[in-house]
>>> print(open('final04.txt').read())   # compact mmCIF, C-alpha atoms
# COMPACT_ATOMS: atom_id res chain seq x y z
CA MET A 973 -27.62 -0.93 17.73
CA PHE A 974 -26.65 -4.53 17.06
CA VAL A 975 -23.16 -5.50 18.22
CA ALA A 976 -21.48 -8.89 18.45
CA HIS A 977 -18.95 -10.15 20.97
CA LYS A 978 -16.82 -13.09 19.83
CA ILE A 979 -15.63 -15.12 22.82
CA ARG A 980 -13.43 -18.19 22.79
CA LEU A 981 -14.99 -21.27 24.40
CA ASP A 982 -13.23 -23.75 26.67
CA PRO A 983 -15.09 -27.06 26.12
CA ASN A 984 -14.02 -30.49 27.31
CA ASN A 985 -13.56 -33.44 24.96
CA ASN A 986 -17.20 -34.55 25.08
CA GLN A 987 -18.39 -31.00 24.45
CA ARG A 988 -16.00 -30.62 21.50
CA THR A 989 -17.48 -33.77 19.96
CA HIS A 990 -21.02 -32.45 20.42
CA LEU A 991 -20.13 -29.05 18.92
CA ALA A 992 -18.56 -30.76 15.91
CA ARG A 993 -21.70 -32.90 15.50
CA ALA A 994 -23.93 -29.81 15.64
CA ALA A 995 -21.76 -28.02 13.08
CA GLY A 996 -21.90 -31.09 10.84
CA THR A 997 -25.69 -31.19 11.13
CA ALA A 998 -25.94 -27.53 10.13
CA ARG A 999 -23.59 -28.11 7.19
CA PHE A 1000 -25.57 -31.15 6.03
CA ALA A 1001 -28.88 -29.26 6.25
CA TYR A 1002 -27.45 -26.35 4.28
CA ASN A 1003 -26.10 -28.60 1.53
CA TRP A 1004 -29.30 -30.65 1.43
CA ALA A 1005 -31.40 -27.50 1.08
CA LEU A 1006 -29.11 -26.10 -1.62
CA ALA A 1007 -29.33 -29.31 -3.65
CA GLU A 1008 -33.10 -29.44 -3.15
CA TRP A 1009 -33.41 -25.78 -4.15
CA LYS A 1010 -31.56 -26.50 -7.40
CA ARG A 1011 -33.72 -29.55 -8.11
CA GLN A 1012 -36.99 -27.72 -7.47
CA TYR A 1013 -35.90 -24.71 -9.50
CA GLU A 1014 -35.03 -26.89 -12.50
CA ALA A 1015 -38.41 -28.64 -12.16
CA CYS A 1016 -40.14 -25.23 -12.19
CA GLN A 1017 -38.42 -24.39 -15.46
CA VAL A 1018 -39.95 -27.51 -17.01
CA ASP A 1019 -43.38 -27.16 -15.39
CA PRO A 1020 -44.29 -23.52 -14.54
CA ALA A 1021 -47.29 -24.72 -12.51
CA LEU A 1022 -44.98 -25.88 -9.71
CA ASN A 1023 -44.15 -23.56 -6.82
CA GLN A 1024 -40.82 -21.77 -6.73
CA PRO A 1025 -38.46 -22.99 -3.97
CA ASN A 1026 -38.13 -20.92 -0.79
CA GLU A 1027 -36.47 -21.37 2.57
CA ALA A 1028 -39.72 -21.63 4.57
CA ALA A 1029 -40.98 -24.51 2.44
CA LEU A 1030 -37.61 -26.26 2.64
CA ARG A 1031 -37.60 -25.98 6.44
CA ARG A 1032 -41.06 -27.56 6.61
CA GLN A 1033 -39.94 -30.27 4.20
CA LEU A 1034 -36.90 -31.12 6.31
CA ASN A 1035 -38.96 -31.23 9.51
CA SER A 1036 -41.32 -33.73 7.90
CA ILE A 1037 -38.61 -36.21 6.92
CA LYS A 1038 -35.79 -35.79 9.44
CA ARG A 1039 -37.25 -38.19 12.04
CA THR A 1040 -37.34 -41.03 9.53
CA GLN A 1041 -34.49 -40.26 7.14
CA PHE A 1042 -32.09 -38.28 9.38
CA PRO A 1043 -32.78 -39.33 13.00
CA TRP A 1044 -29.27 -38.32 14.07
CA MET A 1045 -30.34 -34.66 13.65
CA LEU A 1046 -32.38 -35.03 16.84
CA ASP A 1047 -29.20 -35.41 18.91
CA VAL A 1048 -28.35 -31.70 18.55
CA THR A 1049 -30.30 -28.47 18.87
CA LYS A 1050 -33.11 -27.98 16.38
CA CYS A 1051 -31.73 -24.51 15.60
CA ALA A 1052 -28.66 -25.94 13.83
CA PRO A 1053 -30.47 -27.23 10.68
CA GLN A 1054 -33.27 -24.65 10.73
CA MET A 1055 -31.00 -21.59 10.99
CA ALA A 1056 -28.72 -23.05 8.30
CA ILE A 1057 -31.62 -23.16 5.84
CA MET A 1058 -32.61 -19.61 6.82
CA GLN A 1059 -29.05 -18.52 6.05
CA LEU A 1060 -29.36 -20.19 2.66
CA GLY A 1061 -32.50 -18.14 2.04
CA ARG A 1062 -30.62 -14.92 2.83
CA ALA A 1063 -27.79 -16.07 0.56
CA PHE A 1064 -30.24 -16.46 -2.33
CA SER A 1065 -31.78 -13.07 -1.55
CA ASN A 1066 -28.34 -11.48 -1.80
CA PHE A 1067 -27.70 -13.39 -5.03
CA PHE A 1068 -30.93 -12.25 -6.67
CA ALA A 1069 -30.24 -8.66 -5.53
CA GLY A 1070 -26.79 -8.76 -7.15
CA ARG A 1071 -24.92 -8.38 -3.85
CA ALA A 1072 -23.27 -11.83 -3.85
CA ASP A 1073 -22.43 -14.81 -6.03
CA TYR A 1074 -24.49 -17.97 -6.30
CA PRO A 1075 -24.41 -19.91 -2.99
CA ARG A 1076 -21.91 -22.74 -2.87
CA PHE A 1077 -21.91 -25.94 -0.86
CA ARG A 1078 -20.36 -25.84 2.59
CA ARG A 1079 -17.28 -27.94 3.25
CA ILE A 1080 -15.96 -29.63 6.36
CA GLY A 1081 -13.00 -27.82 7.91
CA ARG A 1082 -13.96 -24.53 6.27
CA ASP A 1083 -17.60 -24.09 7.32
CA ASP A 1084 -17.72 -25.58 10.82
CA ARG A 1085 -20.41 -23.45 12.44
CA PHE A 1086 -24.02 -23.37 13.58
CA THR A 1087 -26.38 -20.69 14.89
CA ILE A 1088 -28.73 -20.67 17.89
CA SER A 1089 -31.73 -18.36 18.27
CA ASN A 1090 -32.09 -16.15 21.34
CA ASN A 1091 -34.72 -18.27 23.15
CA GLU A 1092 -32.65 -21.47 22.96
CA PHE A 1093 -29.54 -20.50 24.93
CA HIS A 1094 -28.55 -18.60 28.05
CA VAL A 1095 -25.45 -16.67 29.08
CA LYS A 1096 -24.44 -16.41 32.73
CA ASN A 1097 -21.12 -15.02 33.94
CA ARG A 1098 -18.47 -16.91 31.95
CA CYS A 1099 -20.69 -19.74 30.73
CA ILE A 1100 -23.11 -20.30 27.87
CA ARG A 1101 -25.83 -22.93 27.95
CA ILE A 1102 -26.28 -24.70 24.60
CA PRO A 1103 -29.39 -26.88 24.06
CA LYS A 1104 -28.82 -30.64 24.47
CA LEU A 1105 -25.25 -29.97 25.60
CA GLY A 1106 -25.39 -27.93 28.79
CA TRP A 1107 -23.15 -25.24 30.16
CA VAL A 1108 -19.89 -24.56 28.30
CA ARG A 1109 -17.19 -22.38 29.78
CA MET A 1110 -16.14 -19.15 28.07
CA ARG A 1111 -12.75 -17.44 28.34
CA GLU A 1112 -14.35 -14.08 29.28
CA GLU A 1113 -17.70 -12.56 30.16
CA LEU A 1114 -20.07 -10.89 27.73
CA ARG A 1115 -19.11 -7.21 27.68
CA PHE A 1116 -22.37 -5.82 26.27
CA THR A 1117 -25.70 -5.40 28.02
CA GLY A 1118 -29.03 -5.49 26.23
CA HIS A 1119 -31.35 -7.91 24.46
CA ILE A 1120 -29.46 -10.98 23.23
CA VAL A 1121 -30.50 -11.77 19.65
CA SER A 1122 -28.57 -14.87 18.63
CA ALA A 1123 -25.32 -16.78 18.99
CA SER A 1124 -23.14 -18.38 16.32
CA VAL A 1125 -20.71 -21.11 17.37
CA SER A 1126 -17.78 -21.68 15.00
CA ARG A 1127 -14.44 -23.46 14.89
CA THR A 1128 -11.22 -21.82 13.72
CA ALA A 1129 -7.86 -23.59 13.83
CA GLY A 1130 -9.17 -26.13 16.32
CA HIS A 1131 -10.60 -23.49 18.68
CA TRP A 1132 -14.31 -23.00 19.28
CA TYR A 1133 -15.78 -19.49 19.46
CA ALA A 1134 -19.23 -18.10 20.30
CA SER A 1135 -20.22 -14.86 18.57
CA ILE A 1136 -23.10 -13.42 20.62
CA THR A 1137 -25.19 -10.67 19.01
CA VAL A 1138 -26.73 -8.12 21.38
CA ASN A 1139 -29.15 -5.26 20.70
CA CYS A 1140 -27.65 -2.47 22.81
CA PRO A 1141 -28.92 1.05 23.54
CA GLU A 1142 -27.16 3.92 21.78
CA PRO A 1143 -24.52 5.18 22.21
CA LEU A 1144 -22.44 2.39 23.71
CA LEU A 1145 -19.40 4.54 24.54
CA PRO A 1146 -18.84 8.11 25.78
CA TYR A 1147 -18.82 10.84 23.15
CA ALA A 1148 -15.52 11.52 21.40
CA GLU A 1149 -13.14 14.14 22.73
CA ASN A 1150 -13.24 17.61 21.20
CA GLN A 1151 -10.21 17.37 18.92
CA GLY A 1152 -11.99 18.53 15.76
CA VAL A 1153 -12.13 16.84 12.37
CA VAL A 1154 -9.41 14.60 10.99
CA GLY A 1155 -8.63 13.04 7.63
CA ILE A 1156 -6.95 9.65 7.35
CA ASP A 1157 -4.91 8.49 4.36
CA LEU A 1158 -4.16 4.77 4.20
CA GLY A 1159 -0.92 3.52 2.71
CA ILE A 1160 1.72 0.82 2.66
CA THR A 1161 4.71 2.63 4.14
CA ASN A 1162 2.50 3.91 6.97
CA LEU A 1163 -0.81 2.26 7.64
CA ALA A 1164 -2.53 5.55 8.52
CA THR A 1165 -1.42 9.17 8.07
CA LEU A 1166 -3.52 11.83 9.78
CA SER A 1167 -4.14 15.38 8.61
CA THR A 1168 -2.47 16.47 11.86
CA GLY A 1169 0.82 14.99 10.60
CA GLU A 1170 0.74 11.89 12.83
CA LYS A 1171 1.72 8.62 11.22
CA PHE A 1172 0.94 5.10 12.45
CA ASN A 1173 2.78 2.00 11.31
CA SER A 1174 1.43 -1.51 10.78
CA PRO A 1175 2.88 -4.51 12.67
CA HIS A 1176 3.46 -6.25 9.26
CA ALA A 1177 2.48 -9.60 10.78
CA LEU A 1178 2.55 -11.51 7.51
CA ARG A 1179 5.91 -10.11 6.46
CA CYS A 1180 7.47 -10.93 9.84
CA LEU A 1181 6.16 -14.50 9.91
CA LEU A 1182 6.37 -15.19 6.18
CA GLY A 1183 9.26 -17.62 6.70
CA SER A 1184 7.17 -19.73 9.09
CA VAL A 1185 4.22 -19.66 6.69
CA ARG A 1186 6.38 -20.93 3.82
CA ARG A 1187 7.99 -23.61 5.96
CA LEU A 1188 4.68 -24.99 7.25
CA SER A 1189 3.12 -24.76 3.77
CA ARG A 1190 5.94 -26.84 2.30
CA ALA A 1191 5.59 -29.36 5.12
CA LEU A 1192 1.87 -29.65 4.44
CA SER A 1193 2.39 -30.20 0.70
CA ARG A 1194 4.67 -33.17 1.40
CA LYS A 1195 2.12 -35.05 3.50
CA VAL A 1196 -0.07 -37.79 2.00
CA LYS A 1197 -3.66 -36.67 1.46
CA GLY A 1198 -6.03 -38.21 3.99
CA SER A 1199 -3.27 -39.12 6.45
CA SER A 1200 -3.13 -38.15 10.13
CA ASN A 1201 0.16 -36.33 9.62
CA ARG A 1202 -1.44 -34.16 6.96
CA ALA A 1203 -4.26 -33.26 9.35
CA LYS A 1204 -1.70 -32.29 12.00
CA ALA A 1205 0.31 -30.19 9.54
CA LYS A 1206 -2.88 -28.50 8.34
CA LEU A 1207 -3.81 -27.63 11.92
CA ARG A 1208 -0.35 -26.17 12.61
CA LEU A 1209 -0.62 -23.95 9.53
CA ALA A 1210 -4.15 -22.89 10.48
CA LYS A 1211 -3.00 -21.90 13.97
CA LEU A 1212 -0.22 -19.79 12.46
CA TYR A 1213 -2.71 -17.98 10.20
CA GLU A 1214 -4.97 -17.46 13.20
CA ARG A 1215 -2.04 -15.88 15.06
CA LEU A 1216 -1.41 -13.57 12.08
CA ALA A 1217 -5.04 -12.50 12.07
CA HIS A 1218 -5.01 -11.82 15.81
CA ILE A 1219 -1.86 -9.69 15.60
CA ARG A 1220 -3.34 -7.64 12.75
CA GLN A 1221 -6.73 -7.23 14.40
CA ASN A 1222 -5.21 -6.24 17.74
CA SER A 1223 -3.21 -3.42 16.16
CA LEU A 1224 -6.22 -2.25 14.14
CA HIS A 1225 -8.45 -2.26 17.22
CA GLN A 1226 -5.96 -0.18 19.18
CA LEU A 1227 -5.58 2.35 16.35
CA THR A 1228 -9.28 2.70 15.52
CA SER A 1229 -10.20 2.98 19.21
CA ASN A 1230 -7.62 5.75 19.60
CA LEU A 1231 -8.92 7.68 16.59
CA THR A 1232 -12.63 7.39 17.38
CA ARG A 1233 -11.97 8.39 21.00
CA ARG A 1234 -10.21 11.60 19.95
CA PHE A 1235 -12.08 12.88 16.86
CA HIS A 1236 -15.82 13.34 16.39
CA MET A 1237 -15.62 13.43 12.58
CA ILE A 1238 -13.30 11.33 10.44
CA GLY A 1239 -12.74 11.47 6.69
CA ILE A 1240 -11.47 8.32 4.98
CA GLU A 1241 -11.12 7.15 1.39
CA ASP A 1242 -12.98 4.41 -0.46
CA LEU A 1243 -10.16 2.15 -1.65
CA ASN A 1244 -10.53 -0.43 -4.42
CA VAL A 1245 -8.60 -3.10 -2.55
CA LYS A 1246 -9.52 -5.84 -5.03
CA GLY A 1247 -8.06 -3.79 -7.88
CA MET A 1248 -4.97 -2.87 -5.84
CA LEU A 1249 -4.23 -6.54 -5.19
CA LYS A 1250 -3.77 -7.10 -8.94
CA ASN A 1251 -0.39 -5.36 -8.63
CA ARG A 1252 1.83 -8.36 -7.99
CA ARG A 1253 4.62 -6.21 -6.57
CA LEU A 1254 2.42 -4.70 -3.86
CA ALA A 1255 -0.17 -7.44 -3.31
CA LEU A 1256 1.62 -8.96 -0.30
CA ALA A 1257 2.10 -5.61 1.44
CA ILE A 1258 -1.49 -4.51 0.73
CA SER A 1259 -3.01 -7.74 2.03
CA ASP A 1260 -0.87 -7.42 5.18
CA MET A 1261 -2.43 -4.04 6.07
CA GLY A 1262 -6.11 -4.89 6.47
CA PHE A 1263 -7.59 -1.79 4.82
CA TYR A 1264 -11.17 -3.12 4.77
CA GLU A 1265 -11.02 -4.20 8.42
CA PHE A 1266 -9.66 -0.77 9.37
CA ARG A 1267 -12.58 0.97 7.68
CA ARG A 1268 -15.13 -1.47 9.14
CA GLN A 1269 -13.88 -0.95 12.70
CA LEU A 1270 -13.66 2.80 12.24
CA GLU A 1271 -17.26 3.09 11.03
CA TYR A 1272 -18.91 1.03 13.74
CA LYS A 1273 -16.81 2.49 16.56
CA ALA A 1274 -17.58 6.01 15.38
CA ALA A 1275 -21.28 5.13 15.42
CA GLN A 1276 -20.95 3.78 18.97
CA ARG A 1277 -19.58 7.16 20.09
CA GLY A 1278 -22.16 9.18 18.18
CA SER A 1279 -19.55 10.40 15.69
CA TRP A 1280 -19.35 10.44 11.88
CA ALA A 1281 -17.11 8.57 9.48
CA VAL A 1282 -17.31 10.23 6.06
CA VAL A 1283 -16.15 8.13 3.08
CA ALA A 1284 -14.78 10.08 0.11
CA ASP A 1285 -15.72 9.14 -3.43
CA HIS A 1286 -13.79 6.27 -4.97
CA TRP A 1287 -12.39 8.45 -7.77
CA TYR A 1288 -11.54 11.49 -5.64
CA PRO A 1289 -7.85 12.42 -6.37
CA SER A 1290 -6.83 13.05 -2.76
CA SER A 1291 -3.09 12.64 -3.40
CA LYS A 1292 -2.90 14.76 -6.59
CA THR A 1293 -5.02 17.66 -5.29
CA CYS A 1294 -3.24 20.58 -3.64
CA SER A 1295 -4.80 21.09 -0.21
CA VAL A 1296 -3.96 24.84 -0.34
CA CYS A 1297 -5.26 26.04 -3.73
CA GLY A 1298 -7.19 23.01 -5.00
CA TYR A 1299 -5.03 22.49 -8.12
CA VAL A 1300 -5.05 18.89 -9.42
CA ALA A 1301 -1.73 17.62 -10.79
CA GLU A 1302 -1.88 15.76 -14.08
CA THR A 1303 0.41 12.91 -13.04
CA LEU A 1304 1.87 11.78 -9.74
CA ALA A 1305 3.97 8.62 -9.65
CA LEU A 1306 3.50 6.21 -6.78
CA ALA A 1307 7.19 6.48 -5.87
CA GLN A 1308 6.96 10.28 -5.61
CA ARG A 1309 6.35 10.81 -1.92
CA ARG A 1310 6.85 14.59 -2.00
CA TRP A 1311 5.76 17.05 -4.67
CA VAL A 1312 5.43 20.79 -5.22
CA CYS A 1313 2.24 22.37 -6.50
CA SER A 1314 2.94 24.00 -9.87
CA ASN A 1315 0.13 26.50 -9.29
CA CYS A 1316 0.92 27.97 -5.85
CA GLY A 1317 4.38 26.49 -5.21
CA THR A 1318 3.43 24.80 -1.92
CA PRO A 1319 5.58 21.74 -1.07
CA HIS A 1320 3.55 18.71 0.00
CA ASP A 1321 4.09 15.44 1.77
CA ARG A 1322 2.00 13.10 -0.37
CA ASP A 1323 0.26 11.28 2.51
CA VAL A 1324 -0.32 14.31 4.73
CA ASN A 1325 -1.70 16.28 1.77
CA ALA A 1326 -4.13 13.46 0.97
CA ALA A 1327 -5.24 13.32 4.61
CA VAL A 1328 -5.90 17.08 4.65
CA ASN A 1329 -7.99 16.76 1.48
CA LEU A 1330 -10.01 13.94 3.06
CA LYS A 1331 -10.58 16.16 6.08
CA ASN A 1332 -11.90 18.91 3.80
CA VAL A 1333 -14.23 16.41 2.13
CA ALA A 1334 -15.63 15.43 5.54
CA VAL A 1335 -16.29 19.07 6.45
CA SER A 1336 -17.83 19.95 3.08
CA SER A 1337 -20.11 16.90 3.16
CA THR A 1338 -21.39 18.02 6.56
CA VAL A 1339 -22.08 21.50 5.18
CA LEU A 1340 -24.14 19.99 2.36
CA ALA A 1341 -26.02 17.63 4.66
CA CYS A 1342 -26.67 19.88 7.67
CA GLY A 1343 -26.01 23.39 6.41
CA GLU A 1344 -23.38 25.77 7.70
CA GLU A 1345 -24.94 26.00 11.17
CA GLY A 1346 -24.93 22.20 11.56
CA ALA A 1347 -21.30 22.02 10.46
CA GLY A 1348 -20.40 24.75 12.94
CA LEU A 1349 -22.07 22.86 15.77
CA ALA A 1350 -20.22 19.69 14.73
CA GLN A 1351 -16.92 21.57 14.79
CA GLU A 1352 -17.60 22.94 18.28
CA ARG A 1353 -18.78 19.68 19.86
>>> encode(input="final04.txt", output="structure tokens")
Amino acid sequence: MFVAHKIRLDPNNNQRTHLARAAGTARFAYNWALAEWKRQYEACQVDPALNQPNEAALRRQLNSIKRTQFPWMLDVTKCAPQMAIMQLGRAFSNFFAGRADYPRFRRIGRDDRFTISNNEFHVKNRCIRIPKLGWVRMREELRFTGHIVSASVSRTAGHWYASITVNCPEPLLPYAENQGVVGIDLGITNLATLSTGEKFNSPHALRCLLGSVRRLSRALSRKVKGSSNRAKAKLRLAKLYERLAHIRQNSLHQLTSNLTRRFHMIGIEDLNVKGMLKNRRLALAISDMGFYEFRRQLEYKAAQRGSWAVVADHWYPSSKTCSVCGYVAETLALAQRRWVCSNCGTPHDRDVNAAVNLKNVAVSSTVLACGEEGAGLAQER
């Protein structure tokens, strides 16, 4: 199982300069390869006898010219430009497979990062050794043990981070407690409602600090473009957004760790977050919840404990379906938080009812996949 540990670095001024130079080299190599890919592709359209562009050929081409045309690339690790072109190759693979849009050029301040392969760096205690730089202090030790695959160094809001990928044995954590199966309904009033009736709130980080965000955004808009004051205002706003992200992620980590520790099977819903954000009245509240991050953490933490996270179909009417008799209501307004089934007369809390239906979906999917005996064993574990 591949896991990554993102650790904040504590470099000195000279090390910060070197890290910025390495990130700039990776960005330049990526943009050079993207421009060259476009040029070669257009030439192939004119003359079909020419070879189609690919990342391996572009890496060889850059290696042949960098000593004469780009000698400053030799001041940083060779992995920075080479891994950047490999990432461009994966970006084009995703584009041709329909999984992503056409790759775009990287920009300074937004794409300050570079990647190092596993044989080019070392991690010892609270330090990481980067080629042509030396040992850089880390704020904490690497928590995972196993074969180290790669490391990506990036800058966010003026802080440098190292994301170290490790191939760990399975499972990483003890098995979940025997508290049965649970369904989780995500919402705005309560971030998560369980089929057991428990409800968990969100810290609403963006809503609480929205005044500061607006104030710093207005201050940034007043600064002259290209000035030092604008760069300082931009950094202050970036640090505030970083704080918002940390508050949200901390609460999500605590909640998902609690759920995966207790339940060995979890049923969740496949939300169309992009479509939900088109509602201008709810877009701010929805973006403040972090639905995708909640699902991502829940799935990988469940896998680390040897558990299952079952995702219900996107069009499954979990809120409108009666969890007692299975009757599906024709209409159910978003403001209607409680409703009574017209078939069996059972009163329902909208969120709890949806969570119970998601729990039933998780159990039924296990019956289909493993048979009744497998589902019974999963219930008893």
>>> atom_distance(input="final04.txt", atom1="CA of Leu1330 in chain A", atom2="CA of Ser1167 in chain A")
8.2 Å
>>> closest_residue(input="final04.txt", among="A:Arg1194, A:Arg1267, A:Arg1202, A:Arg1039", to="Leu1227 in chain A", atoms="only C-alpha atoms")
A:Arg1267
>>> atom_distance(input="final04.txt", atom1="CA of Arg1309 in chain A", atom2="CA of Arg1322 in chain A")
5.2 Å
>>> closest_residue(input="final04.txt", among="A:Asn1332, A:Asn1003, A:Asn1035, A:Asn1201", to="Lys1050 in chain A", atoms="all atoms listed in the file")
A:Asn1035
>>> atom_distance(input="final04.txt", atom1="CA of Trp1287 in chain A", atom2="CA of Leu1256 in chain A")
23.6 Å
>>> residues_around(input="final04.txt", residues="Pro1146 in chain A", least_positions_apart="2", cutoff="9 Å", atoms="only C-alpha atoms", output="number ranges by chain")
A: 1143-1144, 1148-1149, 1233, 1276-1278
>>> write_last_selection(input="final04.txt", atoms="C-alpha atoms", output="mmCIF file, keeping the file's coordinate frame")
data_model
loop_
_atom_site.group_PDB
_atom_site.id
_atom_site.type_symbol
_atom_site.label_atom_id
_atom_site.label_comp_id
_atom_site.auth_asym_id
_atom_site.auth_seq_id
_atom_site.Cartn_x
_atom_site.Cartn_y
_atom_site.Cartn_z
ATOM 1 C CA PRO A 1143 -24.520 5.180 22.210
ATOM 2 C CA LEU A 1144 -22.440 2.390 23.710
ATOM 3 C CA ALA A 1148 -15.520 11.520 21.400
ATOM 4 C CA GLU A 1149 -13.140 14.140 22.730
ATOM 5 C CA ARG A 1233 -11.970 8.390 21.000
ATOM 6 C CA GLN A 1276 -20.950 3.780 18.970
ATOM 7 C CA ARG A 1277 -19.580 7.160 20.090
ATOM 8 C CA GLY A 1278 -22.160 9.180 18.180
#
>>> closest_residue(input="final04.txt", among="A:Arg1079, A:Arg1234, A:Lys1010, A:His1225", to="Ser1174 in chain A", atoms="only C-alpha atoms")
A:His1225
>>> closest_residue(input="final04.txt", among="A:Gly1317, A:Glu1014, A:Lys1331, A:Pro1075", to="Cys1297 in chain A", atoms="all atoms listed in the file")
A:Gly1317
>>> closest_residue(input="final04.txt", among="A:Arg1011, A:Ala1284, A:Trp1132, A:Ala1021", to="Asn984 in chain A", atoms="only C-alpha atoms")
A:Trp1132
>>> residues_around(input="final04.txt", residues="Leu1224 in chain A", least_positions_apart="3", cutoff="8 Å", atoms="all atoms listed in the file", output="ChimeraX atom specification")
/A:1220-1221,1227-1228,1265-1266,1269
>>> residues_around(input="final04.txt", residues="Ile1156 in chain A", least_positions_apart="6", cutoff="8 Å", atoms="only C-alpha atoms", output="ChimeraX atom specification")
/A:1164-1167,1238-1241,1326-1328,1330-1331
>>> residues_near_point(input="final04.txt", point="(-16.2, 13.5, 10.7)", cutoff="10 Å", atoms="only C-alpha atoms", output="VMD selection string")
chain A and resid 1152 to 1155 1232 1235 to 1240 1274 1279 to 1283 1330 to 1335 1337 to 1338 1347 1350 to 1351
>>> closest_residue(input="final04.txt", among="A:Thr1040, A:Lys1104, A:Tyr1013, A:Gly996", to="Pro1053 in chain A", atoms="all atoms listed in the file")
A:Gly996
>>> residues_around(input="final04.txt", residues="Phe1000 in chain A", least_positions_apart="6", cutoff="10 Å", atoms="all atoms listed in the file", output="list in words")
Ala994, Leu1006, Met1045, Ala1052, Pro1053, Ala1056, Phe1077, Arg1078, Arg1079 and Ile1080 of chain A
>>> write_last_selection(input="final04.txt", atoms="C-alpha atoms", output="short mmCIF file (atom, residue, chain, number, x, y, z; two decimals), in the frame of the given file")
data_model
loop_
_atom_site.label_atom_id
_atom_site.label_comp_id
_atom_site.auth_asym_id
_atom_site.auth_seq_id
_atom_site.Cartn_x
_atom_site.Cartn_y
_atom_site.Cartn_z
CA ALA A 994 -23.93 -29.81 15.64
CA LEU A 1006 -29.11 -26.10 -1.62
CA MET A 1045 -30.34 -34.66 13.65
CA ALA A 1052 -28.66 -25.94 13.83
CA PRO A 1053 -30.47 -27.23 10.68
CA ALA A 1056 -28.72 -23.05 8.30
CA PHE A 1077 -21.91 -25.94 -0.86
CA ARG A 1078 -20.36 -25.84 2.59
CA ARG A 1079 -17.28 -27.94 3.25
CA ILE A 1080 -15.96 -29.63 6.36
#
>>> axis_aligned_box(input="final04.txt", around="range 1211-1226 of chain A", padding_each_side="8 Å", output="lines of an AutoDock Vina configuration file")
center_x = -4.3
center_y = -11.0
center_z = 14.7
size_x = 24.2
size_y = 37.7
size_z = 25.0
